[in-house]
Every structure is written in C-alpha cells, then in structure tokens.
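For reference, the structure is listed below as structure tokens.
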Amino acid sequence: MIQVFAFYLFASLVIASGAITILARNPVHSVLWLILAFFNAAGLMVLVGAEFIAMLLVIVYVGAVAVLFLFVVMMLDIDFAELRAGFIQNAPLGVMIALVLLCELVLGVGAWKTGALQLGVASGMAQTPGGLSNTAAIGALLYTRYLFLFEAAGIILLVAMIGAIVLTHRQRSDNRGQNVGRQVARRPDEATVNVKPAVGQGVTL
Amino acid sequence: MIPFFEASGFSYEAAWGLSTVIEILVISLLVMFAVAMVIYADRKIWAAMALRKGPNVVGPLGLLQSFADGIKVFLQETIIPSAANKGLFLIAPIITFTVALMAWAVIPFNSGATLANINVGVLYVLAISSLGVYGVVIAGWSSNSKYPFFSAMRAAAQMISYEVSIGFILVCVVLWAGSFNLNDIVKAQQGHVWIINGFVANPLLFPVWVMFLISSLAETARAPFDLTEAESELVAGYQTEYSSMAFALYWLGEYANVLLMCALNATLFWGGWLPPLDIPVLYYVPGTVWLLIKILGFFFIFSWVKATVPRYRYDQLMRLGWKIFLPLSLFFVFAISGYLMATGHFA
C-alpha cells in the first residue's frame, strides 16, 4: 500500500515538476523545478531497489550539475519574452525531436518486454544476483564485464575535461599569484634590511 | 518499536508508519535540544578564549540563553524585502533547516540503532550534505541584494570544491570497511590497530582524517572558512536580509550541520559508538554515551578553531581545496586501495 502511494506521489511529482520546468517564466525557477524532478526521480529509483543509482543521481545531478546550472542561470540577465519570440519558428523541430524520443522509448520498452535481449526481468524489479548489495553487484559488472567500456568512458571524460581547461585557460602576466612555497621559505634576514642613512640622504632599496 | 505497536492491534504497515514518525520526532527533538545547548557551549568556549564571561544571565550559568534567544526571535516580525522573490525567500531557510535534520536519519547512535539502516548510508550523507548549498544559494538570489548574492556564489563554489575531496576521503574509508553502511563501517573499526577502535589509529588513514576534519570545517562554512558570512566584506552574507524565525532557522540549521559533521568524524574515523579501546570493561558504558562524548569533543575542536584561527582569503580557500586536498585525497585512494590489494584484504 505505502509503496503504491509513494510511487504515485514520486511519479506525479516528477511529471509535474518536469512540466513546470519548461513552463516556468523565470529561468531560476526552472532550474529549481528541475532539481525537484531529479530528486523525485531518485525517490523512484529507491522504490525499485536501485538505491545506489538513486544516491548517485542526487549527488551528481542535484549536488553538482544543478548547482552549476543555478550558478550560471542566476548570473544571467535574460529577457525571456525575447527568447520565446522564435517559438513558432522552432516548433516543428521541437515536435520532431519529441517524436523521435517517443519512438525510442516505445521501442526500448517494447524490446525489454519481449525479453529477446535478456536485459532483465520484464515484470517488477530486477533482483541483484546472489543476494549481493546493489553497489557490489554494479561494481562486479562494471569492473569485469564492462571494464574496457568503463575505462573508455573515463578516458573520454578526462580528455573532455583537459580540452575544456586548455580552451578556457589563459595565462595572465599582470596578476601576482600567491607562491606559498616562496612565502614559507622566506627568512627574516632576507626580508628586512637594516640601514643607517646619513641625515639628508634617502635610502635606495 | 514496531512490535510494540503491532501488539497494540495495529497492522504492520500502520505500526511501521507510526514508529517511524515517532522516531523521526524523537531524533529531531534531541538534535534541536543538542543544537540549543551547543550554541550556548560555543558562545561560552569562544568567550573563555577571549577572556570574557559569555552568556551568564538567563538561568543558572546562562544555561537558558539559547531558549531565551529562541523565544525572542519567535516573537519578532518577519521582514520580507519588497524586491525579494517572496516564495523562494521564505523557502530557502526551510530547505537549510530540513536538510540539516535529514542526514541524521542514517547516523548510528548505538549498535544497530539508526532510523534508517540503509546499504548506502555514506552516499546518503554525501547526497544530503550536497543539498545544503541550495538553502544558501536560493537565499542569496531571492534576497535581490548584492551582499547575499556574492555570498551565494561563494557558497556554491566552496561547497562543490570541498565535496570532491570529501568524496575521495569517504572512498578511502569505504574501501577499508568494505561497506557503505555506516553501522558496518563502525563495526569494521573494532580493534582496528591493536586494541584501538577507530580508523584514525591507522597510519594510512590518519592523514585522511585530518583532511576530512578540515574539509568538514569548509563544508559547514565554519571559521576559518566562513567566507559566506564574512562580516567585514559581506555584512552577514546570505543572511543579511533575513530576520526573526527565518534567520533563526539558518542559525539552527548551521549548528545542526556542524553537529552532523562532528558525528560523521566520530562515526567514520573514531569508532562511532564503540569505546575508544577494545577492552571488555569499556563496553559496559552504553554506545550512545561514547558517541556523544566524541561528538562533543569534535564540537570543542570546531569552537576552538573558530576562536583562534583567522579567516582564509577566498583564493586561498580554493587553492587548498583544489590544489592540495584533491590531489592528496586522490593519492590516498590509490595508496590505500593499493595497500589493501597487496595485503589481500579483498580476497
């Protein structure tokens, strides 16, 4: 009973907050509704017994990605009426993308239901093998059967990260960065000079 | 508590629901009471280090000071700036406060005594603590005022920076304990090095704990990393526009977070509810008492640091997070997993 109630609560909240994400006029509100959608999706994951994925969803998407979204969107000064001006013009493209996504969903769920590809149990939650915990089961798969794909994904992300840093990094010659090693290595006798200037004469340092 | 309600004639689901609600209320009330007392303790410790008396008027030794403050803010008027985004402005402190209480669900207070003994307890704590930044960021944005906004941007960058290294630090602990469950992590620390309970006695994990302690100061935005409320630059940071109960919710949430970080330090590295030494006599003292002693000890360290260490500059904070803690914690992940592989810990 409580599972059914929780499922419908989370599911309806995901859909509602997803819809409001698109409909909200203020981009900051949009991001916040998106966060609510992520959070409720994590709740759905917990319900099907995938607690590891649920927690990762919250940590990665809510805790990091959405914070950066919010960070950027907060600082934008967007005139949303202007952005909406091209709506009619772009609508066919949007509808097409939506149709493609719908077809993919239908195909995916259909293939899963027929079970020809052995993707999992077609009804209810897929049990982890051998009573392992979720985390252990995913780890065992990821680091054995899918090791090369996993490592490849890691390398691609690393390359993307380095690329982004290289593209945006600029060496500035005019700023004086802090060199902690130099500061710590500095001794009193090299930092101070004791001079006794004669009357009427200045000091050159 | 579930068998008790079932015996009183409730169905299992109703009994589960009732006992969960009661446990949540008990934990929240105790945490709130602890927060009130700890605010008093913080002020007393801070005062003692500045050779002052601190709160000493309300009640014996000023013990009731926090409650007097609570009543005071409760009776004050909530002022909402006219240019603020009203809905978000009011939701923000509620988020901070709620999130600060949520993480307590997985902290084991004694052997098996948790509200939710879940498999992924460590990840849950990490997830919830990453939510904490929203209260600050939303407050900064919705106040529609420049100082809170600067504070919100600082908070967002600071929390993300330190969460990365906290993640790696937790990986080290999880590797050694072999579980994400906080209860199992505590049990794995029993007699870890000779008769000492706690990962902290391990020479490979001790530096990791030092990093965790400093990162938890940064994660809770406590001194010396309290740049989000640096009064010399930002008035009161994200709290500038807040008054009365909304302000108090931030205050309470912040201290609840500090207590949580103390509890995590105790649970992950100092053996949680285990006594410090693995000697049978010490197990006669209830585990909750040991945990409480450890939490309060860590809180004293937090206050001590607040009273003595000057505030970091913003670029120094970022440098510490990204250039020192991130590579160091990554190194320890490699070192510890390498050591565990070499000694056949996983076999």
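Letters A, B, ... mark the chains of the structure tokens in the order given; residue numbers begin at 1 per chain; ligand numbers begin at 1, in order shown.
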Which residues, written as a PDB file with C-alpha atoms, in the first residue's frame, have at least one atom at most 12 Å from Thr228 in chain B, with only C-alpha atoms counted and residues fewer than 4 positions away on the same chain left out?
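File written: around-v7.pdb
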ATOM      1  CA  VAL B 133      24.087  24.539  -0.548  1.00  0.00           C
ATOM      2  CA  VAL B 136      22.266  29.366   0.849  1.00  0.00           C
ATOM      3  CA  VAL B 137      22.221  29.872  -2.921  1.00  0.00           C
ATOM      4  CA  ALA B 139      18.613  32.814  -0.158  1.00  0.00           C
ATOM      5  CA  GLY B 140      21.329  34.796  -1.880  1.00  0.00           C
ATOM      6  CA  TYR B 147      25.925  41.055  -0.498  1.00  0.00           C
ATOM      7  CA  PRO B 148      23.715  37.970  -0.190  1.00  0.00           C
ATOM      8  CA  PHE B 149      24.296  37.308  -3.869  1.00  0.00           C
ATOM      9  CA  PHE B 150      28.084  37.422  -3.539  1.00  0.00           C
ATOM     10  CA  SER B 151      27.757  35.136  -0.560  1.00  0.00           C
ATOM     11  CA  ALA B 152      25.620  32.689  -2.538  1.00  0.00           C
ATOM     12  CA  MET B 153      28.193  32.497  -5.323  1.00  0.00           C
ATOM     13  CA  ARG B 154      30.962  31.898  -2.816  1.00  0.00           C
ATOM     14  CA  ALA B 155      28.919  29.211  -1.095  1.00  0.00           C
ATOM     15  CA  ALA B 156      28.199  27.381  -4.342  1.00  0.00           C
ATOM     16  CA  ALA B 157      31.853  27.319  -5.383  1.00  0.00           C
ATOM     17  CA  GLN B 158      33.083  26.423  -1.901  1.00  0.00           C
ATOM     18  CA  MET B 159      30.700  23.524  -1.356  1.00  0.00           C
ATOM     19  CA  ALA B 218      34.842  24.087   4.976  1.00  0.00           C
ATOM     20  CA  GLU B 219      31.712  22.126   4.145  1.00  0.00           C
ATOM     21  CA  THR B 220      29.800  23.630   7.066  1.00  0.00           C
ATOM     22  CA  ALA B 221      31.232  27.081   6.282  1.00  0.00           C
ATOM     23  CA  ARG B 222      32.657  27.401   9.784  1.00  0.00           C
ATOM     24  CA  ALA B 223      35.626  29.563  10.667  1.00  0.00           C
ATOM     25  CA  PRO B 224      38.251  29.774   9.188  1.00  0.00           C
ATOM     26  CA  SER B 232      33.996  42.556   7.056  1.00  0.00           C
ATOM     27  CA  GLU B 233      33.138  42.173   3.375  1.00  0.00           C
ATOM     28  CA  LEU B 234      29.568  40.922   3.053  1.00  0.00           C
ATOM     29  CA  VAL B 235      27.666  42.341   6.072  1.00  0.00           C
ATOM     30  CA  ALA B 236      26.152  38.994   7.116  1.00  0.00           C
ATOM     31  CA  GLY B 237      26.373  37.191   3.789  1.00  0.00           C
ATOM     32  CA  TYR B 238      23.302  35.337   2.617  1.00  0.00           C
ATOM     33  CA  GLN B 239      21.515  36.035   5.916  1.00  0.00           C
ATOM     34  CA  THR B 240      21.712  39.801   5.509  1.00  0.00           C
ATOM     35  CA  ARG B 311      39.611  33.690   8.194  1.00  0.00           C
ATOM     36  CA  TYR B 312      41.036  32.408   4.918  1.00  0.00           C
ATOM     37  CA  ARG B 313      41.112  34.566   1.836  1.00  0.00           C
ATOM     38  CA  TYR B 314      38.886  33.301  -0.941  1.00  0.00           C
ATOM     39  CA  LEU B 317      40.328  28.542   0.190  1.00  0.00           C
TER      40      LEU B 317
END
Inset, instruction - List the neighbours of Ser129 in chain B out to 8 Å using only C-alpha atoms; skip same-chain residues closer than 2 positions along the sequence, and give me the result as a list in words. - result: Val99, Ala100, Ala103, Val125, Leu126, Ala127, Leu131, Gly132 and Val133 of chain B
Please write the residues from the selection above to a file, keeping C-alpha atoms, as an mmCIF file, in the first residue's frame.
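Result file is again_26.cif:
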data_model
loop_
_atom_site.group_PDB
_atom_site.id
_atom_site.type_symbol
_atom_site.label_atom_id
_atom_site.label_comp_id
_atom_site.auth_asym_id
_atom_site.auth_seq_id
_atom_site.Cartn_x
_atom_site.Cartn_y
_atom_site.Cartn_z
ATOM 1 C CA VAL B 99 18.314 19.233 5.038
ATOM 2 C CA ALA B 100 20.336 19.705 8.218
ATOM 3 C CA ALA B 103 21.092 13.448 7.305
ATOM 4 C CA VAL B 125 25.035 11.550 3.825
ATOM 5 C CA LEU B 126 27.047 12.852 0.881
ATOM 6 C CA ALA B 127 23.860 13.409 -1.139
ATOM 7 C CA LEU B 131 21.727 19.631 -0.893
ATOM 8 C CA GLY B 132 22.641 22.037 1.891
ATOM 9 C CA VAL B 133 24.087 24.539 -0.548
#
Give me, as a tab-separated table, each residue of chain A that comes within 8 Å of chain B, together with its shortest interatomic pair and the distance in Å at one decimal, counting only C-alpha atoms, with rows ordered by chain and rising residue number.
residue	atom	partner	partner_atom	distance
A:Ile2	CA	B:Glu13	CA	7.7
A:Glu51	CA	B:Val120	CA	7.0
A:Phe52	CA	B:Val120	CA	6.5
A:Met55	CA	B:Leu123	CA	6.0
A:Leu56	CA	B:Leu123	CA	7.5
A:Val58	CA	B:Ala127	CA	5.7
A:Ile59	CA	B:Ala127	CA	4.6
A:Val62	CA	B:Leu131	CA	7.1
A:Gly63	CA	B:Ser130	CA	4.8
A:Ala64	CA	B:Ile160	CA	6.5
A:Val67	CA	B:Ala156	CA	6.8
A:Leu68	CA	B:Ala156	CA	7.9
A:Phe71	CA	B:Met153	CA	6.9
A:Met74	CA	B:Trp141	CA	6.9
A:Ser133	CA	B:Asn119	CA	7.3
Legend entry - All residues 8 Å or closer to range 256-258 of chain B, only C-alpha atoms, same chain fewer than 2 positions away omitted, as a list of chain:residue names: B:Val31, B:Met32, B:Val35, B:Ala100, B:Leu101, B:Thr220, B:Leu252, B:Gly253, B:Glu254, B:Leu260, B:Met261, B:Cys262, B:Phe299
For those residues, write N, CA, C and O atoms to a file as a tab-separated table (two decimals), in the first residue's frame.
chain	number	residue	atom	x	y	z
B	31	VAL	N	18.09	16.39	18.51
B	31	VAL	CA	19.08	17.18	17.78
B	31	VAL	C	18.86	18.67	18.03
B	31	VAL	O	19.81	19.42	18.28
B	32	MET	N	17.60	19.09	18.04
B	32	MET	CA	17.31	20.51	18.27
B	32	MET	C	17.74	20.94	19.68
B	32	MET	O	18.31	22.01	19.87
B	35	VAL	N	21.37	21.19	19.66
B	35	VAL	CA	21.80	22.40	18.97
B	35	VAL	C	21.70	23.60	19.91
B	35	VAL	O	22.63	24.41	20.00
B	100	ALA	N	19.44	19.92	7.09
B	100	ALA	CA	20.34	19.71	8.22
B	100	ALA	C	19.82	18.58	9.11
B	100	ALA	O	20.61	17.86	9.72
B	101	LEU	N	18.50	18.43	9.19
B	101	LEU	CA	17.96	17.35	10.04
B	101	LEU	C	17.92	16.01	9.30
B	101	LEU	O	18.03	14.96	9.93
B	220	THR	N	30.82	22.98	6.24
B	220	THR	CA	29.80	23.63	7.07
B	220	THR	C	29.99	25.14	7.10
B	220	THR	O	29.29	25.82	7.84
B	252	LEU	N	19.97	27.61	13.40
B	252	LEU	CA	19.79	26.24	13.89
B	252	LEU	C	20.34	25.23	12.88
B	252	LEU	O	21.02	24.27	13.25
B	253	GLY	N	20.02	25.46	11.59
B	253	GLY	CA	20.48	24.54	10.56
B	253	GLY	C	21.98	24.45	10.52
B	253	GLY	O	22.57	23.38	10.38
B	254	GLU	N	22.63	25.62	10.68
B	254	GLU	CA	24.09	25.64	10.62
B	254	GLU	C	24.69	24.80	11.75
B	254	GLU	O	25.58	23.98	11.54
B	260	LEU	N	26.36	17.38	12.88
B	260	LEU	CA	26.36	16.23	11.98
B	260	LEU	C	27.77	15.91	11.53
B	260	LEU	O	28.18	14.75	11.50
B	261	MET	N	28.53	16.96	11.17
B	261	MET	CA	29.90	16.73	10.74
B	261	MET	C	30.74	16.15	11.88
B	261	MET	O	31.60	15.29	11.65
B	262	CYS	N	30.48	16.63	13.12
B	262	CYS	CA	31.18	16.05	14.28
B	262	CYS	C	30.81	14.57	14.40
B	262	CYS	O	31.68	13.72	14.62
B	299	PHE	N	33.06	18.94	18.65
B	299	PHE	CA	32.48	20.28	18.66
B	299	PHE	C	33.41	21.26	19.35
B	299	PHE	O	33.54	22.40	18.94
Could you pull out the alpha helix (DSSP H) residues of range 248-285 of chain B from DSSP and send them as an mmCIF file with all heavy atoms, in the first residue's frame?
data_model
loop_
_atom_site.group_PDB
_atom_site.id
_atom_site.type_symbol
_atom_site.label_atom_id
_atom_site.label_comp_id
_atom_site.auth_asym_id
_atom_site.auth_seq_id
_atom_site.Cartn_x
_atom_site.Cartn_y
_atom_site.Cartn_z
ATOM 1 N N ALA B 248 16.610 32.560 12.368
ATOM 2 C CA ALA B 248 16.886 31.533 13.374
ATOM 3 C C ALA B 248 16.997 30.156 12.741
ATOM 4 O O ALA B 248 17.794 29.328 13.189
ATOM 5 C CB ALA B 248 15.791 31.539 14.432
ATOM 6 N N LEU B 249 16.210 29.917 11.682
ATOM 7 C CA LEU B 249 16.286 28.611 11.026
ATOM 8 C C LEU B 249 17.680 28.392 10.433
ATOM 9 O O LEU B 249 18.217 27.286 10.479
ATOM 10 C CB LEU B 249 15.228 28.498 9.927
ATOM 11 C CG LEU B 249 13.807 28.221 10.394
ATOM 12 C CD1 LEU B 249 12.886 28.049 9.204
ATOM 13 C CD2 LEU B 249 13.747 26.988 11.266
ATOM 14 N N TYR B 250 18.272 29.461 9.872
ATOM 15 C CA TYR B 250 19.638 29.340 9.374
ATOM 16 C C TYR B 250 20.597 29.014 10.500
ATOM 17 O O TYR B 250 21.482 28.175 10.380
ATOM 18 C CB TYR B 250 20.090 30.631 8.692
ATOM 19 C CG TYR B 250 19.668 30.683 7.266
ATOM 20 C CD1 TYR B 250 18.788 31.635 6.823
ATOM 21 C CD2 TYR B 250 20.135 29.744 6.378
ATOM 22 C CE1 TYR B 250 18.393 31.662 5.513
ATOM 23 C CE2 TYR B 250 19.739 29.755 5.071
ATOM 24 C CZ TYR B 250 18.868 30.724 4.635
ATOM 25 O OH TYR B 250 18.469 30.728 3.359
ATOM 26 N N TRP B 251 20.407 29.713 11.589
ATOM 27 C CA TRP B 251 21.265 29.552 12.752
ATOM 28 C C TRP B 251 21.212 28.113 13.243
ATOM 29 O O TRP B 251 22.229 27.459 13.431
ATOM 30 C CB TRP B 251 20.744 30.523 13.804
ATOM 31 C CG TRP B 251 21.699 30.897 14.881
ATOM 32 C CD1 TRP B 251 21.491 30.742 16.215
ATOM 33 C CD2 TRP B 251 22.969 31.499 14.731
ATOM 34 N NE1 TRP B 251 22.571 31.202 16.893
ATOM 35 C CE2 TRP B 251 23.493 31.674 16.011
ATOM 36 C CE3 TRP B 251 23.715 31.895 13.630
ATOM 37 C CZ2 TRP B 251 24.738 32.226 16.237
ATOM 38 C CZ3 TRP B 251 24.949 32.451 13.853
ATOM 39 C CH2 TRP B 251 25.449 32.619 15.142
ATOM 40 N N LEU B 252 19.974 27.609 13.405
ATOM 41 C CA LEU B 252 19.793 26.238 13.890
ATOM 42 C C LEU B 252 20.338 25.232 12.880
ATOM 43 O O LEU B 252 21.017 24.271 13.249
ATOM 44 C CB LEU B 252 18.311 25.962 14.138
ATOM 45 C CG LEU B 252 17.650 26.785 15.236
ATOM 46 C CD1 LEU B 252 16.161 26.530 15.262
ATOM 47 C CD2 LEU B 252 18.257 26.442 16.574
ATOM 48 N N GLY B 253 20.024 25.464 11.592
ATOM 49 C CA GLY B 253 20.476 24.539 10.562
ATOM 50 C C GLY B 253 21.984 24.454 10.517
ATOM 51 O O GLY B 253 22.570 23.382 10.385
ATOM 52 N N GLU B 254 22.634 25.617 10.676
ATOM 53 C CA GLU B 254 24.091 25.639 10.624
ATOM 54 C C GLU B 254 24.686 24.801 11.753
ATOM 55 O O GLU B 254 25.579 23.984 11.539
ATOM 56 C CB GLU B 254 24.563 27.089 10.732
ATOM 57 C CG GLU B 254 26.028 27.270 10.492
ATOM 58 C CD GLU B 254 26.455 28.708 10.731
ATOM 59 O OE1 GLU B 254 25.764 29.629 10.231
ATOM 60 O OE2 GLU B 254 27.449 28.912 11.438
ATOM 61 N N TYR B 255 24.147 24.974 12.956
ATOM 62 C CA TYR B 255 24.688 24.201 14.078
ATOM 63 C C TYR B 255 24.329 22.727 13.983
ATOM 64 O O TYR B 255 25.109 21.869 14.386
ATOM 65 C CB TYR B 255 24.246 24.803 15.412
ATOM 66 C CG TYR B 255 25.157 25.925 15.830
ATOM 67 C CD1 TYR B 255 24.902 27.227 15.462
ATOM 68 C CD2 TYR B 255 26.314 25.650 16.543
ATOM 69 C CE1 TYR B 255 25.759 28.247 15.813
ATOM 70 C CE2 TYR B 255 27.177 26.656 16.897
ATOM 71 C CZ TYR B 255 26.890 27.957 16.536
ATOM 72 O OH TYR B 255 27.756 28.956 16.873
ATOM 73 N N ALA B 256 23.136 22.430 13.442
ATOM 74 C CA ALA B 256 22.789 21.020 13.251
ATOM 75 C C ALA B 256 23.763 20.385 12.268
ATOM 76 O O ALA B 256 24.185 19.233 12.447
ATOM 77 C CB ALA B 256 21.352 20.884 12.750
ATOM 78 N N ASN B 257 24.157 21.145 11.238
ATOM 79 C CA ASN B 257 25.143 20.643 10.278
ATOM 80 C C ASN B 257 26.491 20.431 10.929
ATOM 81 O O ASN B 257 27.181 19.447 10.649
ATOM 82 C CB ASN B 257 25.307 21.645 9.136
ATOM 83 C CG ASN B 257 24.434 21.281 7.971
ATOM 84 O OD1 ASN B 257 24.148 20.115 7.762
ATOM 85 N ND2 ASN B 257 24.001 22.272 7.225
ATOM 86 N N VAL B 258 26.878 21.373 11.797
ATOM 87 C CA VAL B 258 28.170 21.231 12.486
ATOM 88 C C VAL B 258 28.156 19.965 13.344
ATOM 89 O O VAL B 258 29.100 19.167 13.318
ATOM 90 C CB VAL B 258 28.449 22.473 13.348
ATOM 91 C CG1 VAL B 258 29.627 22.227 14.260
ATOM 92 C CG2 VAL B 258 28.725 23.674 12.466
ATOM 93 N N LEU B 259 27.053 19.766 14.081
ATOM 94 C CA LEU B 259 26.947 18.564 14.909
ATOM 95 C C LEU B 259 26.996 17.316 14.044
ATOM 96 O O LEU B 259 27.607 16.307 14.413
ATOM 97 C CB LEU B 259 25.640 18.578 15.697
ATOM 98 C CG LEU B 259 25.665 19.358 17.002
ATOM 99 C CD1 LEU B 259 24.337 19.187 17.701
ATOM 100 C CD2 LEU B 259 26.782 18.839 17.891
ATOM 101 N N LEU B 260 26.358 17.381 12.880
ATOM 102 C CA LEU B 260 26.357 16.232 11.981
ATOM 103 C C LEU B 260 27.771 15.912 11.529
ATOM 104 O O LEU B 260 28.185 14.746 11.498
ATOM 105 C CB LEU B 260 25.479 16.518 10.769
ATOM 106 C CG LEU B 260 25.495 15.382 9.759
ATOM 107 C CD1 LEU B 260 24.597 14.280 10.223
ATOM 108 C CD2 LEU B 260 25.112 15.852 8.396
ATOM 109 N N MET B 261 28.534 16.957 11.175
ATOM 110 C CA MET B 261 29.903 16.728 10.737
ATOM 111 C C MET B 261 30.742 16.153 11.878
ATOM 112 O O MET B 261 31.603 15.293 11.649
ATOM 113 C CB MET B 261 30.524 18.029 10.228
ATOM 114 C CG MET B 261 30.137 18.334 8.795
ATOM 115 S SD MET B 261 30.738 17.039 7.702
ATOM 116 C CE MET B 261 29.968 17.466 6.177
ATOM 117 N N CYS B 262 30.480 16.630 13.122
ATOM 118 C CA CYS B 262 31.175 16.045 14.278
ATOM 119 C C CYS B 262 30.814 14.568 14.395
ATOM 120 O O CYS B 262 31.685 13.716 14.618
ATOM 121 C CB CYS B 262 30.767 16.757 15.565
ATOM 122 S SG CYS B 262 31.224 18.473 15.603
ATOM 123 N N ALA B 263 29.517 14.259 14.215
ATOM 124 C CA ALA B 263 29.074 12.869 14.317
ATOM 125 C C ALA B 263 29.716 12.029 13.223
ATOM 126 O O ALA B 263 30.089 10.876 13.453
ATOM 127 C CB ALA B 263 27.556 12.792 14.223
ATOM 128 N N LEU B 264 29.876 12.609 12.030
ATOM 129 C CA LEU B 264 30.493 11.854 10.933
ATOM 130 C C LEU B 264 31.967 11.605 11.215
ATOM 131 O O LEU B 264 32.476 10.504 10.968
ATOM 132 C CB LEU B 264 30.358 12.624 9.626
ATOM 133 C CG LEU B 264 29.047 12.446 8.892
ATOM 134 C CD1 LEU B 264 29.073 13.216 7.602
ATOM 135 C CD2 LEU B 264 28.809 10.981 8.614
ATOM 136 N N ASN B 265 32.662 12.628 11.728
ATOM 137 C CA ASN B 265 34.056 12.434 12.115
ATOM 138 C C ASN B 265 34.168 11.287 13.097
ATOM 139 O O ASN B 265 35.036 10.423 12.972
ATOM 140 C CB ASN B 265 34.598 13.712 12.763
ATOM 141 C CG ASN B 265 35.288 14.601 11.773
ATOM 142 O OD1 ASN B 265 36.300 14.216 11.213
ATOM 143 N ND2 ASN B 265 34.743 15.765 11.525
ATOM 144 N N ALA B 266 33.267 11.294 14.089
ATOM 145 C CA ALA B 266 33.295 10.248 15.110
ATOM 146 C C ALA B 266 32.973 8.895 14.498
ATOM 147 O O ALA B 266 33.631 7.898 14.800
ATOM 148 C CB ALA B 266 32.301 10.585 16.217
ATOM 149 N N THR B 267 31.954 8.851 13.625
ATOM 150 C CA THR B 267 31.485 7.570 13.103
ATOM 151 C C THR B 267 32.461 6.969 12.101
ATOM 152 O O THR B 267 32.719 5.769 12.117
ATOM 153 C CB THR B 267 30.118 7.759 12.426
ATOM 154 O OG1 THR B 267 29.265 8.410 13.339
ATOM 155 C CG2 THR B 267 29.518 6.445 12.031
ATOM 156 N N LEU B 268 33.008 7.819 11.233
ATOM 157 C CA LEU B 268 33.826 7.283 10.149
ATOM 158 C C LEU B 268 35.255 6.998 10.596
ATOM 159 O O LEU B 268 35.902 6.112 10.061
ATOM 160 C CB LEU B 268 33.850 8.256 8.967
ATOM 161 C CG LEU B 268 32.527 8.461 8.254
ATOM 162 C CD1 LEU B 268 32.659 9.559 7.235
ATOM 163 C CD2 LEU B 268 32.099 7.178 7.570
ATOM 164 N N PHE B 269 35.777 7.783 11.547
ATOM 165 C CA PHE B 269 37.194 7.641 11.862
ATOM 166 C C PHE B 269 37.475 7.291 13.321
ATOM 167 O O PHE B 269 38.520 6.750 13.616
ATOM 168 C CB PHE B 269 37.942 8.924 11.509
ATOM 169 C CG PHE B 269 38.057 9.153 10.033
ATOM 170 C CD1 PHE B 269 37.173 9.960 9.377
ATOM 171 C CD2 PHE B 269 39.058 8.533 9.305
ATOM 172 C CE1 PHE B 269 37.277 10.158 8.017
ATOM 173 C CE2 PHE B 269 39.168 8.729 7.948
ATOM 174 C CZ PHE B 269 38.280 9.545 7.307
#
Would you tabulate, counting only C-alpha atoms, all residues of range 221-282 of chain B that have an atom at most 6 Å from an atom of range 190-208 of chain B, showing the closest pair of atoms and their distance in Å to one decimal, sorted by chain then ascending number, as a tab-separated table?
residue	atom	partner	partner_atom	distance
B:Phe269	CA	B:Phe199	CA	4.8
B:Trp270	CA	B:Gly198	CA	4.4
B:Gly271	CA	B:Gly198	CA	4.2
B:Pro276	CA	B:Asn197	CA	5.3
B:Leu277	CA	B:Ile196	CA	4.7
B:Asp278	CA	B:Ile195	CA	4.9
Expected file: the selected residues, N, CA, C and O atoms, as a PDB file, in the first residue's frame:
ATOM      1  N   PHE B 269      35.777   7.783  11.547  1.00  0.00           N
ATOM      2  CA  PHE B 269      37.194   7.641  11.862  1.00  0.00           C
ATOM      3  C   PHE B 269      37.475   7.291  13.321  1.00  0.00           C
ATOM      4  O   PHE B 269      38.520   6.750  13.616  1.00  0.00           O
ATOM      5  N   TRP B 270      36.579   7.627  14.227  1.00  0.00           N
ATOM      6  CA  TRP B 270      36.889   7.444  15.641  1.00  0.00           C
ATOM      7  C   TRP B 270      36.059   6.344  16.291  1.00  0.00           C
ATOM      8  O   TRP B 270      35.930   6.305  17.501  1.00  0.00           O
ATOM      9  N   GLY B 271      35.464   5.491  15.463  1.00  0.00           N
ATOM     10  CA  GLY B 271      34.808   4.327  16.034  1.00  0.00           C
ATOM     11  C   GLY B 271      33.367   4.519  16.474  1.00  0.00           C
ATOM     12  O   GLY B 271      32.813   3.625  17.098  1.00  0.00           O
ATOM     13  N   PRO B 276      36.703   3.885  22.949  1.00  0.00           N
ATOM     14  CA  PRO B 276      37.974   4.162  22.266  1.00  0.00           C
ATOM     15  C   PRO B 276      38.918   2.961  22.240  1.00  0.00           C
ATOM     16  O   PRO B 276      39.658   2.796  21.286  1.00  0.00           O
ATOM     17  N   LEU B 277      38.893   2.143  23.313  1.00  0.00           N
ATOM     18  CA  LEU B 277      39.763   0.977  23.339  1.00  0.00           C
ATOM     19  C   LEU B 277      38.920  -0.288  23.364  1.00  0.00           C
ATOM     20  O   LEU B 277      37.837  -0.318  23.958  1.00  0.00           O
ATOM     21  N   ASP B 278      39.423  -1.315  22.708  1.00  0.00           N
ATOM     22  CA  ASP B 278      38.683  -2.571  22.607  1.00  0.00           C
ATOM     23  C   ASP B 278      38.913  -3.418  23.857  1.00  0.00           C
ATOM     24  O   ASP B 278      39.501  -4.493  23.802  1.00  0.00           O
TER      25      ASP B 278
END
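The space separating CA of Ser143 in chain B from CA of Leu76 in chain A comes to 16.1 Å.
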Legend entry - Straight-line distance linking CA of Arg176 in chain A with CA of Val193 in chain A, stated in Å to one decimal: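 Those two atoms sit 23.3 Å apart.
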Inset, instruction - Excluding Tyr61 in chain A and residues on its chain fewer than 6 positions from it, collect all residues at most 9 Å away from it, counting only C-alpha atoms, and give them as a list in words. - result: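 In the requested format, the answer is Ile35, Phe38, Phe39 and Val67 of chain A.
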Legend entry - CA of Ile138 in chain A to CA of Leu330 in chain B, straight-line distance in Å: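 So the two atoms, CA of Leu330 in chain B and CA of Ile138 in chain A, lie 22.0 Å apart.
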Legend entry - Test item: residues at most 6 Å from range 20-24 of chain A, only C-alpha atoms, excluding those fewer than 3 positions along its chain, as a VMD selection string: chain A and resid 17 30 33 to 34
Legend entry - Counting only C-alpha atoms, the option among B:Ile45, B:Ile94, B:Met211, B:Leu340 closest to Ala177 in chain B: B:Leu340
